[in-house]
Amino acid sequence: MDSRHLSNCSICGGELEYLFSGEEFSCFYCGKKESGNIICASYEAHYVCDECHNLPSICYIKDFILSTGIKDPLDIVFEILNNSPVSIPMLGCHHAYMLTGSILASLRNNGLAVISDSDINEAFARLSSQAVGGYCGLSGVCGIVPAGGIIYSILTGSVCGKDKEQRITMRLTALLSAAIFELTGPSCCKAYLFKSMEIMLRSLYSDFGFRLTERDFDVKCGFEKLHPHGCLLERCPYYKGATVTLEELYRKNTEILENVTLPPVLVNAKKSPDPFKDFPKAPC
Ligand SMILES: [Zn+2]
Ligand SMILES: [Zn+2]
């Protein structure tokens, strides 16, 4: 497979067309008929449903997350991006699964929280409802936003009807949405993933005292040639490489919404960090 298939139509490598209104198409692979908004612009008009577009990479990501012992979430992400035996398309919601999976695996592998295989399965099931290809443009909500929120909901036991658990989860999704907004125009799933990783590392420390890495957050993308809509190049912080020092990463505040204060929220921590060490065990 040449790189055009990673950037464009996975069948012929042709450019994709993003439709304003959904039309009924049959998936090239599974034959499912559904309303879709992304189609190959060639005369053959290939259509691939989101499930078939993402399934091989998501299956691989899930297996990798369930079995890896890697502790640093950025190492997990780059191991998947660089060494996956299945092709990882340049754009698509598998990036949301990489965020959720790498952070949950890192929490587990660092012994910071009780994250079971069923928690990871549950997180991925939730993502399948809210991370949908192309909806960054169609609704303004990129799948990476719920990907971060799901991590907090798994940690805090947030469900509809809960109070502070839902507030802290929603504060995080507001942070993620605001941060990726700054990078938008056009969308880049890689940039959104990298920025969201940084926000997650900052927030998990700021909110719960969790340190998922002990080195500077250093990201150089390297995928710019694969972007079908054009990489922002110098306008993207990850094109030449961006570094957030460990000290900056673990500064005890978040830059956006820093005036929004919340009461302490209980997490299912294995080793409860200060200041929550005396909290009773979470019911989740
Ligand atoms: Zn095609
Ligand atoms: Zn399909």
# chains A, B, ... in the order shown; residues from 1 in each chain; ligands from 1
$ residues_around --residues "region 42-45 of chain A" --least-positions-apart "6" --cutoff "9 Å" --atoms "only C-alpha atoms" --output "MDAnalysis selection string"
chainID A and resid 12 14:16
$ write_last_selection --atoms "C-alpha atoms" --output "compact mmCIF listing (two decimals), in the first residue's frame"
# COMPACT_ATOMS: atom_id res chain seq x y z
CA CYS A 12 -7.88 3.69 -4.84
CA GLY A 14 -7.90 9.10 -4.74
CA GLU A 15 -8.91 12.30 -3.01
CA LEU A 16 -11.86 12.30 -0.64
$ residues_near_ligand --ligand "ligand 2" --cutoff "12 Å" --atoms "only C-alpha atoms and all ligand atoms" --output "VMD selection string"
chain A and resid 25 to 36 46 to 56
$ closest_residue --among "A:Thr100, A:Gly149, A:Ala131, A:Leu138" --to "Gln166 (chain A)" --atoms "only C-alpha atoms"
A:Gly149
$ atom_distance --atom1 "CA of Gly92 (chain A)" --atom2 "CA of Cys9 (chain A)"
12.1 Å
$ atom_distance --atom1 "CA of Asp163 (chain A)" --atom2 "CA of Leu212 (chain A)"
26.4 Å
$ atom_distance --atom1 "CA of Ala191 (chain A)" --atom2 "CA of Pro237 (chain A)"
8.2 Å
$ closest_residue --among "A:Phe20, A:Leu6, A:Ala41, A:Thr245" --to "ligand 1" --atoms "only C-alpha atoms and all ligand atoms"
A:Ala41
$ select_by_dssp --residues "region 30-267 of chain A" --states "helix (DSSP H, G or I)" --output "JSON, numbers by chain"
{"A": [50, 51, 52, 53, 54, 55, 56, 57, 58, 59, 60, 61, 62, 63, 64, 65, 66, 67, 73, 74, 75, 76, 77, 78, 79, 80, 81, 82, 83, 94, 95, 96, 97, 98, 99, 100, 101, 102, 103, 104, 105, 106, 107, 108, 109, 117, 118, 119, 120, 121, 122, 123, 124, 125, 126, 127, 128, 129, 130, 135, 136, 137, 138, 144, 145, 146, 147, 148, 149, 150, 151, 152, 153, 154, 155, 156, 164, 165, 166, 167, 168, 169, 170, 171, 172, 173, 174, 175, 176, 177, 178, 179, 180, 181, 182, 183, 189, 190, 191, 192, 193, 194, 195, 196, 197, 198, 199, 200, 201, 202, 203, 204, 205, 206, 207, 208, 224, 225, 226, 233, 234, 235, 237, 238, 239, 240, 246, 247, 248, 249]}
